[in-house]
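Asks: What follows is target.cif; its format and atoms are mmCIF, C-alpha atoms and all ligand atoms.
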data_data
#
loop_
_atom_site.group_PDB
_atom_site.id
_atom_site.type_symbol
_atom_site.label_atom_id
_atom_site.label_comp_id
_atom_site.auth_asym_id
_atom_site.auth_seq_id
_atom_site.Cartn_x
_atom_site.Cartn_y
_atom_site.Cartn_z
ATOM 1 C CA MET A 53 0.437 -25.302 3.313
ATOM 2 C CA ALA A 54 2.536 -26.087 6.406
ATOM 3 C CA ASP A 55 6.221 -26.533 5.630
ATOM 4 C CA VAL A 56 7.042 -30.203 6.196
ATOM 5 C CA ASP A 57 10.772 -29.674 5.867
ATOM 6 C CA ASP A 58 11.944 -27.423 8.705
ATOM 7 C CA ASP A 59 15.533 -27.624 7.502
ATOM 8 C CA LEU A 60 14.838 -26.488 3.966
ATOM 9 C CA ASP A 61 17.799 -24.433 2.754
ATOM 10 C CA LEU A 62 16.250 -21.637 0.690
ATOM 11 C CA THR A 63 19.541 -20.957 -1.088
ATOM 12 C CA THR A 64 19.342 -24.372 -2.798
ATOM 13 C CA LEU A 65 16.099 -23.422 -4.602
ATOM 14 C CA ASP A 66 16.081 -21.866 -8.041
ATOM 15 C CA ASP A 67 14.314 -18.525 -8.446
ATOM 16 C CA ASP A 68 10.900 -19.962 -9.368
ATOM 17 C CA GLU A 69 11.011 -22.509 -6.543
ATOM 18 C CA LEU A 70 12.112 -19.849 -4.074
ATOM 19 C CA VAL A 71 9.268 -17.499 -5.028
ATOM 20 C CA GLN A 72 6.812 -20.398 -4.724
ATOM 21 C CA GLN A 73 8.285 -21.274 -1.311
ATOM 22 C CA MET A 74 7.951 -17.619 -0.239
ATOM 23 C CA HIS A 75 4.258 -17.665 -1.159
ATOM 24 C CA GLU A 76 3.898 -20.715 1.094
ATOM 25 C CA ASP A 77 5.973 -19.143 3.892
ATOM 26 C CA LEU A 78 3.888 -15.969 3.716
ATOM 27 C CA TYR A 79 0.746 -18.087 3.887
ATOM 28 C CA ASP A 80 2.179 -19.814 6.954
ATOM 29 C CA GLY A 81 3.222 -16.493 8.529
ATOM 30 C CA LEU A 82 6.920 -17.353 8.684
ATOM 31 C CA ALA A 83 8.515 -13.903 8.929
ATOM 32 C CA ASP A 84 12.133 -15.117 9.286
ATOM 33 C CA GLU A 85 11.833 -17.183 6.117
ATOM 34 C CA ILE A 86 10.341 -14.205 4.263
ATOM 35 C CA VAL A 87 13.292 -12.075 5.379
ATOM 36 C CA ASP A 88 15.729 -14.761 4.188
ATOM 37 C CA GLY A 89 13.924 -15.241 0.864
ATOM 38 C CA THR A 90 13.803 -11.492 0.230
ATOM 39 C CA ASN A 91 17.533 -11.167 0.906
ATOM 40 C CA ILE A 92 18.375 -14.137 -1.309
ATOM 41 C CA LEU A 93 16.406 -12.742 -4.269
ATOM 42 C CA LEU A 94 18.103 -9.343 -3.820
ATOM 43 C CA GLU A 95 21.524 -11.034 -3.653
ATOM 44 C CA ARG A 96 20.651 -12.787 -6.922
ATOM 45 C CA GLY A 97 20.175 -9.388 -8.538
ATOM 46 C CA TRP A 98 16.390 -9.121 -8.449
ATOM 47 C CA ALA A 99 15.144 -5.527 -8.518
ATOM 48 C CA PRO A 100 13.423 -4.586 -5.232
ATOM 49 C CA TYR A 101 10.160 -3.858 -7.060
ATOM 50 C CA LYS A 102 10.211 -7.321 -8.666
ATOM 51 C CA VAL A 103 10.717 -8.975 -5.264
ATOM 52 C CA LEU A 104 7.888 -6.871 -3.855
ATOM 53 C CA THR A 105 5.346 -7.655 -6.548
ATOM 54 C CA GLU A 106 6.218 -11.248 -7.466
ATOM 55 C CA ALA A 107 7.157 -12.690 -4.074
ATOM 56 C CA LEU A 108 5.270 -10.586 -1.503
ATOM 57 C CA VAL A 109 2.200 -8.980 -3.111
ATOM 58 C CA GLU A 110 1.375 -12.131 -5.062
ATOM 59 C CA GLY A 111 1.739 -14.176 -1.851
ATOM 60 C CA MET A 112 -0.674 -11.852 -0.057
ATOM 61 C CA ARG A 113 -3.128 -12.124 -2.963
ATOM 62 C CA ILE A 114 -3.252 -15.892 -2.378
ATOM 63 C CA VAL A 115 -3.777 -15.338 1.375
ATOM 64 C CA GLY A 116 -6.657 -12.969 0.503
ATOM 65 C CA ILE A 117 -8.444 -15.625 -1.534
ATOM 66 C CA ASP A 118 -8.360 -18.173 1.292
ATOM 67 C CA PHE A 119 -9.375 -15.493 3.819
ATOM 68 C CA ARG A 120 -12.381 -14.663 1.653
ATOM 69 C CA ASP A 121 -13.265 -18.339 1.341
ATOM 70 C CA GLY A 122 -13.120 -18.950 5.104
ATOM 71 C CA ILE A 123 -10.050 -21.204 4.905
ATOM 72 C CA LEU A 124 -7.834 -18.708 6.755
ATOM 73 C CA PHE A 125 -8.933 -16.606 9.731
ATOM 74 C CA VAL A 126 -7.855 -13.264 11.234
ATOM 75 C CA PRO A 127 -4.997 -14.599 13.445
ATOM 76 C CA GLU A 128 -3.417 -16.452 10.509
ATOM 77 C CA VAL A 129 -3.851 -13.473 8.194
ATOM 78 C CA LEU A 130 -2.251 -11.215 10.801
ATOM 79 C CA LEU A 131 0.800 -13.491 10.868
ATOM 80 C CA ALA A 132 0.923 -13.386 7.068
ATOM 81 C CA ALA A 133 0.628 -9.579 7.180
ATOM 82 C CA ASN A 134 3.467 -9.342 9.687
ATOM 83 C CA SER A 135 5.634 -11.557 7.486
ATOM 84 C CA MET A 136 4.861 -9.346 4.515
ATOM 85 C CA LYS A 137 5.842 -6.299 6.572
ATOM 86 C CA ALA A 138 9.148 -7.962 7.515
ATOM 87 C CA GLY A 139 9.959 -8.349 3.813
ATOM 88 C CA MET A 140 8.780 -4.822 3.044
ATOM 89 C CA ALA A 141 11.060 -3.417 5.755
ATOM 90 C CA ILE A 142 14.066 -4.735 3.806
ATOM 91 C CA LEU A 143 12.798 -3.358 0.509
ATOM 92 C CA ARG A 144 11.711 0.041 1.786
ATOM 93 C CA PRO A 145 15.154 1.759 1.892
ATOM 94 C CA LEU A 146 16.061 0.221 -1.462
ATOM 95 C CA LEU A 147 12.891 1.526 -3.104
ATOM 96 C CA ALA A 148 13.408 4.942 -1.513
ATOM 97 C CA GLU A 149 17.043 5.379 -2.541
ATOM 98 C CA THR A 150 16.537 6.126 -6.226
ATOM 99 C CA GLY A 151 17.989 9.621 -5.807
ATOM 100 C CA ALA A 152 14.971 10.965 -7.685
ATOM 101 C CA PRO A 153 14.570 14.757 -7.462
ATOM 102 C CA LYS A 154 11.893 15.979 -5.026
ATOM 103 C CA LEU A 155 8.566 16.129 -6.844
ATOM 104 C CA GLY A 156 6.096 17.050 -4.110
ATOM 105 C CA SER A 157 4.598 15.790 -0.896
ATOM 106 C CA ILE A 158 1.664 13.755 0.354
ATOM 107 C CA VAL A 159 -0.155 13.055 3.587
ATOM 108 C CA ILE A 160 -1.470 9.504 3.425
ATOM 109 C CA GLY A 161 -3.526 7.415 5.823
ATOM 110 C CA THR A 162 -6.165 4.721 6.141
ATOM 111 C CA VAL A 163 -9.683 5.954 6.930
ATOM 112 C CA LYS A 164 -11.631 5.715 10.167
ATOM 113 C CA GLY A 165 -12.732 2.227 11.178
ATOM 114 C CA ASP A 166 -10.131 0.555 8.964
ATOM 115 C CA ILE A 167 -6.873 -0.958 10.198
ATOM 116 C CA HIS A 168 -5.552 -2.333 6.889
ATOM 117 C CA ASP A 169 -2.220 -0.686 6.182
ATOM 118 C CA ILE A 170 -0.101 -2.899 3.933
ATOM 119 C CA GLY A 171 -1.324 -1.371 0.667
ATOM 120 C CA LYS A 172 -1.101 2.146 2.066
ATOM 121 C CA ASN A 173 2.461 1.477 3.285
ATOM 122 C CA LEU A 174 3.383 0.140 -0.123
ATOM 123 C CA VAL A 175 1.979 3.209 -1.862
ATOM 124 C CA GLY A 176 3.959 5.389 0.556
ATOM 125 C CA MET A 177 7.157 3.447 -0.155
ATOM 126 C CA MET A 178 6.731 3.721 -3.906
ATOM 127 C CA LEU A 179 5.938 7.436 -3.759
ATOM 128 C CA GLU A 180 8.988 7.984 -1.570
ATOM 129 C CA GLY A 181 11.109 6.146 -4.113
ATOM 130 C CA ALA A 182 9.701 8.323 -6.881
ATOM 131 C CA GLY A 183 10.745 11.501 -5.049
ATOM 132 C CA PHE A 184 7.747 12.494 -2.940
ATOM 133 C CA ASP A 185 7.953 13.416 0.739
ATOM 134 C CA VAL A 186 5.504 11.082 2.428
ATOM 135 C CA PHE A 187 3.787 11.857 5.722
ATOM 136 C CA ASP A 188 2.136 8.617 6.771
ATOM 137 C CA ILE A 189 -0.485 9.144 9.463
ATOM 138 C CA GLY A 190 -1.284 5.474 9.915
ATOM 139 C CA ILE A 191 -4.661 3.793 10.268
ATOM 140 C CA ASN A 192 -8.140 4.614 11.559
ATOM 141 C CA ASN A 193 -8.020 8.339 10.736
ATOM 142 C CA ASP A 194 -11.061 10.535 11.232
ATOM 143 C CA ALA A 195 -11.526 13.795 9.332
ATOM 144 C CA ASP A 196 -9.893 15.865 12.095
ATOM 145 C CA SER A 197 -6.823 13.671 12.007
ATOM 146 C CA TYR A 198 -6.437 14.151 8.227
ATOM 147 C CA LEU A 199 -7.061 17.870 8.517
ATOM 148 C CA SER A 200 -4.566 18.427 11.291
ATOM 149 C CA ALA A 201 -1.903 16.508 9.310
ATOM 150 C CA LEU A 202 -2.680 18.632 6.238
ATOM 151 C CA ASP A 203 -2.382 21.753 8.351
ATOM 152 C CA GLU A 204 0.922 20.584 9.796
ATOM 153 C CA HIS A 205 2.610 19.422 6.575
ATOM 154 C CA ARG A 206 0.881 21.501 3.845
ATOM 155 C CA PRO A 207 1.392 18.769 1.226
ATOM 156 C CA ASP A 208 0.423 18.807 -2.458
ATOM 157 C CA PHE A 209 -1.626 15.625 -2.086
ATOM 158 C CA LEU A 210 -3.955 13.965 0.351
ATOM 159 C CA GLY A 211 -4.011 10.153 -0.052
ATOM 160 C CA MET A 212 -6.683 7.991 1.529
ATOM 161 C CA SER A 213 -6.808 4.216 1.696
ATOM 162 C CA ALA A 214 -9.766 1.936 2.523
ATOM 163 C CA LEU A 215 -9.993 -1.844 2.252
ATOM 164 C CA LEU A 216 -13.523 -2.372 3.502
ATOM 165 C CA THR A 217 -16.788 -1.601 1.744
ATOM 166 C CA THR A 218 -18.011 -0.359 5.138
ATOM 167 C CA THR A 219 -15.180 2.175 5.567
ATOM 168 C CA MET A 220 -14.713 3.500 2.030
ATOM 169 C CA PRO A 221 -17.719 5.886 2.277
ATOM 170 C CA TYR A 222 -15.797 7.752 4.992
ATOM 171 C CA MET A 223 -13.622 9.239 2.240
ATOM 172 C CA LYS A 224 -16.598 11.411 1.298
ATOM 173 C CA VAL A 225 -16.832 12.643 4.897
ATOM 174 C CA VAL A 226 -13.210 13.800 4.752
ATOM 175 C CA ILE A 227 -13.616 15.462 1.348
ATOM 176 C CA ASP A 228 -16.863 17.142 2.430
ATOM 177 C CA THR A 229 -15.121 18.430 5.557
ATOM 178 C CA LEU A 230 -12.366 19.904 3.369
ATOM 179 C CA LYS A 231 -15.063 21.608 1.282
ATOM 180 C CA GLU A 232 -16.894 22.959 4.355
ATOM 181 C CA ARG A 233 -13.665 24.494 5.623
ATOM 182 C CA GLY A 234 -12.841 26.033 2.229
ATOM 183 C CA LEU A 235 -9.742 23.844 1.863
ATOM 184 C CA ARG A 236 -10.765 21.487 -0.932
ATOM 185 C CA ASN A 237 -8.836 23.317 -3.661
ATOM 186 C CA ASP A 238 -5.636 23.400 -1.606
ATOM 187 C CA TYR A 239 -4.967 19.680 -2.104
ATOM 188 C CA MET A 240 -5.167 17.064 -4.817
ATOM 189 C CA VAL A 241 -6.999 14.076 -3.364
ATOM 190 C CA LEU A 242 -5.963 10.546 -4.378
ATOM 191 C CA VAL A 243 -7.873 7.513 -3.162
ATOM 192 C CA GLY A 244 -7.165 3.790 -3.350
ATOM 193 C CA GLY A 245 -7.919 0.386 -1.890
ATOM 194 C CA ALA A 246 -9.158 -2.949 -3.197
ATOM 195 C CA PRO A 247 -12.944 -2.289 -3.098
ATOM 196 C CA LEU A 248 -12.739 1.137 -4.802
ATOM 197 C CA ASN A 249 -13.063 2.018 -8.470
ATOM 198 C CA GLU A 250 -13.065 5.088 -10.707
ATOM 199 C CA ALA A 251 -16.803 5.650 -10.358
ATOM 200 C CA PHE A 252 -16.608 5.560 -6.570
ATOM 201 C CA ALA A 253 -13.696 8.008 -6.527
ATOM 202 C CA LYS A 254 -15.656 10.365 -8.729
ATOM 203 C CA SER A 255 -18.779 10.045 -6.597
ATOM 204 C CA VAL A 256 -16.962 11.054 -3.399
ATOM 205 C CA GLY A 257 -15.284 14.005 -5.112
ATOM 206 C CA ALA A 258 -11.690 12.724 -5.221
ATOM 207 C CA ASP A 259 -9.337 13.919 -7.965
ATOM 208 C CA ALA A 260 -8.141 10.436 -8.886
ATOM 209 C CA TYR A 261 -8.507 6.749 -8.125
ATOM 210 C CA CYS A 262 -5.264 4.763 -7.972
ATOM 211 C CA ARG A 263 -5.663 1.051 -8.664
ATOM 212 C CA ASP A 264 -2.258 0.182 -7.223
ATOM 213 C CA ALA A 265 0.989 1.688 -5.994
ATOM 214 C CA ALA A 266 2.479 2.012 -9.475
ATOM 215 C CA VAL A 267 -0.620 3.870 -10.679
ATOM 216 C CA ALA A 268 -0.474 6.103 -7.588
ATOM 217 C CA VAL A 269 3.066 7.121 -8.563
ATOM 218 C CA GLU A 270 2.155 7.696 -12.230
ATOM 219 C CA THR A 271 -0.941 9.680 -11.254
ATOM 220 C CA ALA A 272 0.835 11.870 -8.716
ATOM 221 C CA LYS A 273 3.677 12.566 -11.170
ATOM 222 C CA ALA A 274 1.265 13.422 -13.986
ATOM 223 C CA MET A 275 -0.737 15.761 -11.731
ATOM 224 C CA VAL A 276 2.397 17.548 -10.533
ATOM 225 C CA ASP A 277 3.573 17.925 -14.163
ATOM 226 C CA GLU A 278 0.211 19.358 -15.163
ATOM 227 C CA LEU A 279 0.293 21.862 -12.304
ATOM 228 C CA ARG A 280 3.790 22.969 -13.295
ATOM 229 C CA GLN A 281 2.714 23.417 -16.912
ATOM 230 C CA GLN A 282 -0.311 25.459 -15.841
ATOM 231 C CA ALA A 283 1.888 27.587 -13.585
ATOM 232 C CA GLY A 284 4.377 28.042 -16.463
ATOM 233 C CA ALA A 285 1.610 29.054 -18.861
ATOM 234 C CA ALA A 286 0.170 31.520 -16.331
ATOM 235 C CA ALA A 287 3.580 33.143 -15.663
HETATM 236 CO CO1 LIG B 1 -8.969 -7.801 6.056
HETATM 237 N N1 LIG B 1 -10.385 -7.860 4.701
HETATM 238 N N2 LIG B 1 -10.346 -7.700 7.461
HETATM 239 N N3 LIG B 1 -7.498 -8.041 7.281
HETATM 240 N N4 LIG B 1 -7.912 -8.305 4.562
HETATM 241 C C1 LIG B 1 -9.949 -7.837 3.308
HETATM 242 C C2 LIG B 1 -9.822 -6.400 2.810
HETATM 243 C C3 LIG B 1 -11.121 -8.653 2.608
HETATM 244 C C4 LIG B 1 -11.316 -8.275 1.123
HETATM 245 C C5 LIG B 1 -10.856 -10.147 2.808
HETATM 246 C C6 LIG B 1 -11.859 -11.006 2.120
HETATM 247 O O1 LIG B 1 -12.932 -11.202 2.609
HETATM 248 N N5 LIG B 1 -11.486 -11.498 0.966
HETATM 249 C C7 LIG B 1 -12.354 -8.287 3.519
HETATM 250 C C8 LIG B 1 -13.135 -7.040 3.117
HETATM 251 C C9 LIG B 1 -14.477 -7.364 2.522
HETATM 252 C C10 LIG B 1 -15.160 -6.128 2.086
HETATM 253 O O2 LIG B 1 -15.300 -5.172 2.797
HETATM 254 N N6 LIG B 1 -15.602 -6.167 0.856
HETATM 255 C C11 LIG B 1 -11.677 -8.113 4.871
HETATM 256 C C12 LIG B 1 -12.346 -8.200 6.118
HETATM 257 C C13 LIG B 1 -13.813 -8.589 6.048
HETATM 258 C C14 LIG B 1 -11.710 -7.946 7.346
HETATM 259 C C15 LIG B 1 -12.331 -7.960 8.735
HETATM 260 C C16 LIG B 1 -13.714 -7.306 8.865
HETATM 261 C C17 LIG B 1 -12.335 -9.440 9.187
HETATM 262 C C18 LIG B 1 -12.950 -9.690 10.533
HETATM 263 O O3 LIG B 1 -12.575 -9.134 11.512
HETATM 264 N N7 LIG B 1 -13.924 -10.538 10.501
HETATM 265 C C19 LIG B 1 -11.270 -7.190 9.576
HETATM 266 C C20 LIG B 1 -11.533 -5.670 9.569
HETATM 267 C C21 LIG B 1 -10.589 -4.919 10.469
HETATM 268 C C22 LIG B 1 -10.731 -3.416 10.282
HETATM 269 O O4 LIG B 1 -10.076 -2.850 9.432
HETATM 270 N N8 LIG B 1 -11.588 -2.789 11.059
HETATM 271 C C23 LIG B 1 -10.027 -7.501 8.781
HETATM 272 C C24 LIG B 1 -8.768 -7.613 9.353
HETATM 273 C C25 LIG B 1 -7.614 -7.912 8.649
HETATM 274 C C26 LIG B 1 -6.262 -8.189 9.308
HETATM 275 C C27 LIG B 1 -5.993 -7.306 10.548
HETATM 276 C C28 LIG B 1 -6.202 -9.638 9.729
HETATM 277 C C29 LIG B 1 -5.268 -7.979 8.117
HETATM 278 C C30 LIG B 1 -4.736 -6.532 8.001
HETATM 279 C C31 LIG B 1 -3.313 -6.405 8.483
HETATM 280 C C32 LIG B 1 -2.719 -5.089 8.062
HETATM 281 O O5 LIG B 1 -3.043 -4.496 7.059
HETATM 282 N N9 LIG B 1 -1.793 -4.665 8.867
HETATM 283 C C33 LIG B 1 -6.196 -8.202 6.925
HETATM 284 C C34 LIG B 1 -5.723 -8.484 5.608
HETATM 285 C C35 LIG B 1 -4.231 -8.680 5.456
HETATM 286 C C36 LIG B 1 -6.597 -8.572 4.493
HETATM 287 C C37 LIG B 1 -6.289 -9.034 3.055
HETATM 288 C C38 LIG B 1 -6.131 -10.549 3.108
HETATM 289 C C39 LIG B 1 -5.074 -8.467 2.389
HETATM 290 C C40 LIG B 1 -5.017 -6.945 2.312
HETATM 291 C C41 LIG B 1 -3.647 -6.560 1.811
HETATM 292 O O6 LIG B 1 -2.782 -6.232 2.596
HETATM 293 N N10 LIG B 1 -3.421 -6.725 0.493
HETATM 294 C C42 LIG B 1 -7.593 -8.547 2.295
HETATM 295 C C43 LIG B 1 -7.938 -9.399 1.098
HETATM 296 C C44 LIG B 1 -7.621 -8.705 -0.202
HETATM 297 O O7 LIG B 1 -7.473 -7.501 -0.298
HETATM 298 N N11 LIG B 1 -7.572 -9.481 -1.251
HETATM 299 C C45 LIG B 1 -8.554 -8.354 3.392
HETATM 300 C C46 LIG B 1 -2.120 -6.491 -0.133
HETATM 301 C C47 LIG B 1 -1.970 -5.022 -0.514
HETATM 302 C C48 LIG B 1 -0.659 -4.833 -1.222
HETATM 303 O O8 LIG B 1 -3.026 -4.706 -1.426
HETATM 304 O O9 LIG B 1 -4.269 -3.370 0.303
HETATM 305 O O10 LIG B 1 -5.285 -3.782 -1.988
HETATM 306 P P1 LIG B 1 -4.093 -3.558 -1.152
HETATM 307 O O11 LIG B 1 -3.372 -2.228 -1.676
HETATM 308 C C49 LIG B 1 -3.087 -1.974 -3.034
HETATM 309 C C50 LIG B 1 -4.216 -1.234 -3.764
HETATM 310 O O12 LIG B 1 -5.495 -1.456 -3.226
HETATM 311 C C51 LIG B 1 -3.789 0.206 -3.769
HETATM 312 O O13 LIG B 1 -2.382 0.078 -3.872
HETATM 313 C C52 LIG B 1 -1.949 -0.987 -3.017
HETATM 314 C C53 LIG B 1 -0.629 -1.506 -3.499
HETATM 315 O O14 LIG B 1 -0.618 -1.879 -4.842
HETATM 316 N N12 LIG B 1 -4.069 1.064 -2.617
HETATM 317 C C54 LIG B 1 -3.948 2.419 -2.726
HETATM 318 C C55 LIG B 1 -4.383 0.776 -1.352
HETATM 319 N N13 LIG B 1 -4.482 1.891 -0.632
HETATM 320 C C56 LIG B 1 -4.218 2.921 -1.435
HETATM 321 C C57 LIG B 1 -4.178 4.290 -1.179
HETATM 322 C C58 LIG B 1 -3.864 5.128 -2.223
HETATM 323 C C59 LIG B 1 -3.606 4.635 -3.513
HETATM 324 C C60 LIG B 1 -3.659 3.266 -3.781
HETATM 325 O O15 LIG B 1 -3.828 6.457 -1.921
HETATM 326 C C61 LIG B 1 -3.340 7.341 -2.821
#
How does this structure look as structure tokens?
Replies:
Amino acid sequence: MADVDDDLDLTTLDDDELVQQMHEDLYDGLADEIVDGTNILLERGWAPYKVLTEALVEGMRIVGIDFRDGILFVPEVLLAANSMKAGMAILRPLLAETGAPKLGSIVIGTVKGDIHDIGKNLVGMMLEGAGFDVFDIGINNDADSYLSALDEHRPDFLGMSALLTTTMPYMKVVIDTLKERGLRNDYMVLVGGAPLNEAFAKSVGADAYCRDAAVAVETAKAMVDELRQQAGAAA
């Protein structure tokens, strides 16, 4: 999908053409073009969440298909990921500045052996925008790393992300470690990542599986509401 027209002026494209061009630019790992396209859509009045889902996440979905099929390889996908991050960096403050009241807090990180962080970052951004304090501990976290972050920040939630079928079982290690140390009931555990599902989340002992960032926000809000109601009823 190489861009044959280096001088293409993105501002001359209509919205549909621009989004299509952004999918191609993401595929080609053109971070500057993704930054320009993101800014143009925002200037045209697009909501940040719409830019995120329709231009960036959809573009990365297409990259994922060709990665799976052996058409794209790690170096190309890394460039695409960096382009996606460049667009996300513009959207992040806009998604966070909703002025929503503080609802709670979360420590979130990708599990040991796994360096995928785009989805986790997106979940963090959306939770921040919804009014949660987000402590992002990055990628490749072992149980000790999660536990020391929990100890430091004392959040309401622990969020774990895994994108590989080989790394997702590590979530059970973390949850079992919480149990062994008598800490399991101190935190609500949310898990997510493309290869997970409800049954897996249940089997590792998580409180909820979040299919995507929007579901993570809904789930965290609903759980906080429920806790408040229980506390109100007990008072
Ligand atoms: Co990786 N990779 N990758 N990769 N990579 C996948 C995951 C894969 C499905 C590609 C494929 O084959 N189709 C495949 C996994 C196969 C499997 O296990 N079943 C794969 C593989 C095999 C690998 C390597 C092993 C390749 C290799 O080296 N041969 C290697 C592993 C490295 C490692 O981690 N140890 C590898 C490397 C990489 C890159 C470094 C090149 C790059 C990562 C860059 C980065 O993240 N900084 C990369 C990428 C980009 C992908 C794909 C193409 C895209 C992932 C992504 O960012 N999606 C991916 C293909 C795919 O998923 N279709 C693939 C966009 C993002 C918005 O979605 O991450 O699903 P997602 O997050 C969503 C939800 O899942 C959910 O909400 C998010 C937002 O809506 N969610 C949560 C995620 N985390 C959550 C946490 C929560 C809640 C919800 O907590 C509360």
Asks: Go ahead and compute the interatomic distance for atom N2 of ligand LIG 1 (chain B) and CA of Tyr101 in chain A, in Å to one decimal.
Replies: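 Atom-to-atom, atom N2 of ligand LIG 1 (chain B) and CA of Tyr101 in chain A are spaced 25.4 Å apart.
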Asks: Within 12 Å of Ser255 in chain A, counting only C-alpha atoms, which residues qualify if same-chain residues fewer than 2 places away don't, as a VMD selection string?
Replies: chain A and resid 220 to 221 223 to 225 227 to 228 243 248 to 253 257 to 261
Asks: Care to translate the PyMOL selection byres (((chain A and resi 267) around 12) and not hetatm) into actual residues of this file, as a ChimeraX atom specification?
Replies: /A:174-175,178-179,182,242-245,260-266,268-275
Asks: For the provided coordinates, the residues matched by the PyMOL selection byres (((chain A and resi 63) around 10) and not hetatm) should be stated as a list of chain:residue names.
Replies: A:Leu60, A:Asp61, A:Leu62, A:Thr64, A:Leu65, A:Asp66, A:Asp67, A:Leu70, A:Asp88, A:Gly89, A:Ile92, A:Leu93
Asks: Assuming the chain letters and numbering stay as they are in my file, what does the PyMOL selection byres (((chain A and resi 108) around 9) and not hetatm) actually select? List them as a PyMOL selection string.
Replies: chain A and resi 71+74-75+78+86+90+103-107+109-113+136+139-140
Asks: Will you model N, CA, C and O atoms for range 270-282 of chain A and pass it back as a PDB file, in the coordinates of the input?
Replies:
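So selection-v2.pdb came out as:
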ATOM      1  N   GLU A 270       2.375   7.077 -10.901  1.00  0.00           N
ATOM      2  CA  GLU A 270       2.155   7.696 -12.230  1.00  0.00           C
ATOM      3  C   GLU A 270       1.190   8.863 -12.123  1.00  0.00           C
ATOM      4  O   GLU A 270       1.401   9.919 -12.709  1.00  0.00           O
ATOM      5  N   THR A 271       0.097   8.652 -11.376  1.00  0.00           N
ATOM      6  CA  THR A 271      -0.941   9.680 -11.254  1.00  0.00           C
ATOM      7  C   THR A 271      -0.390  10.923 -10.568  1.00  0.00           C
ATOM      8  O   THR A 271      -0.592  12.046 -11.043  1.00  0.00           O
ATOM      9  N   ALA A 272       0.307  10.714  -9.455  1.00  0.00           N
ATOM     10  CA  ALA A 272       0.835  11.870  -8.716  1.00  0.00           C
ATOM     11  C   ALA A 272       1.835  12.633  -9.578  1.00  0.00           C
ATOM     12  O   ALA A 272       1.814  13.868  -9.623  1.00  0.00           O
ATOM     13  N   LYS A 273       2.691  11.901 -10.299  1.00  0.00           N
ATOM     14  CA  LYS A 273       3.677  12.566 -11.170  1.00  0.00           C
ATOM     15  C   LYS A 273       2.972  13.381 -12.248  1.00  0.00           C
ATOM     16  O   LYS A 273       3.332  14.519 -12.518  1.00  0.00           O
ATOM     17  N   ALA A 274       1.966  12.749 -12.882  1.00  0.00           N
ATOM     18  CA  ALA A 274       1.265  13.422 -13.986  1.00  0.00           C
ATOM     19  C   ALA A 274       0.556  14.679 -13.465  1.00  0.00           C
ATOM     20  O   ALA A 274       0.571  15.726 -14.133  1.00  0.00           O
ATOM     21  N   MET A 275      -0.012  14.600 -12.268  1.00  0.00           N
ATOM     22  CA  MET A 275      -0.737  15.761 -11.731  1.00  0.00           C
ATOM     23  C   MET A 275       0.233  16.891 -11.386  1.00  0.00           C
ATOM     24  O   MET A 275      -0.053  18.067 -11.615  1.00  0.00           O
ATOM     25  N   VAL A 276       1.385  16.535 -10.847  1.00  0.00           N
ATOM     26  CA  VAL A 276       2.397  17.548 -10.533  1.00  0.00           C
ATOM     27  C   VAL A 276       2.890  18.201 -11.828  1.00  0.00           C
ATOM     28  O   VAL A 276       3.018  19.427 -11.916  1.00  0.00           O
ATOM     29  N   ASP A 277       3.131  17.392 -12.858  1.00  0.00           N
ATOM     30  CA  ASP A 277       3.573  17.925 -14.163  1.00  0.00           C
ATOM     31  C   ASP A 277       2.550  18.919 -14.710  1.00  0.00           C
ATOM     32  O   ASP A 277       2.898  19.986 -15.193  1.00  0.00           O
ATOM     33  N   GLU A 278       1.274  18.504 -14.628  1.00  0.00           N
ATOM     34  CA  GLU A 278       0.211  19.358 -15.163  1.00  0.00           C
ATOM     35  C   GLU A 278       0.163  20.704 -14.424  1.00  0.00           C
ATOM     36  O   GLU A 278       0.060  21.757 -15.048  1.00  0.00           O
ATOM     37  N   LEU A 279       0.305  20.617 -13.103  1.00  0.00           N
ATOM     38  CA  LEU A 279       0.293  21.862 -12.304  1.00  0.00           C
ATOM     39  C   LEU A 279       1.430  22.775 -12.716  1.00  0.00           C
ATOM     40  O   LEU A 279       1.269  23.987 -12.857  1.00  0.00           O
ATOM     41  N   ARG A 280       2.614  22.157 -12.917  1.00  0.00           N
ATOM     42  CA  ARG A 280       3.790  22.969 -13.295  1.00  0.00           C
ATOM     43  C   ARG A 280       3.571  23.625 -14.645  1.00  0.00           C
ATOM     44  O   ARG A 280       3.923  24.774 -14.852  1.00  0.00           O
ATOM     45  N   GLN A 281       2.972  22.851 -15.572  1.00  0.00           N
ATOM     46  CA  GLN A 281       2.714  23.417 -16.912  1.00  0.00           C
ATOM     47  C   GLN A 281       1.736  24.578 -16.829  1.00  0.00           C
ATOM     48  O   GLN A 281       1.945  25.622 -17.446  1.00  0.00           O
ATOM     49  N   GLN A 282       0.679  24.376 -16.006  1.00  0.00           N
ATOM     50  CA  GLN A 282      -0.311  25.459 -15.841  1.00  0.00           C
ATOM     51  C   GLN A 282       0.356  26.692 -15.243  1.00  0.00           C
ATOM     52  O   GLN A 282       0.124  27.813 -15.688  1.00  0.00           O
TER      53      GLN A 282
END
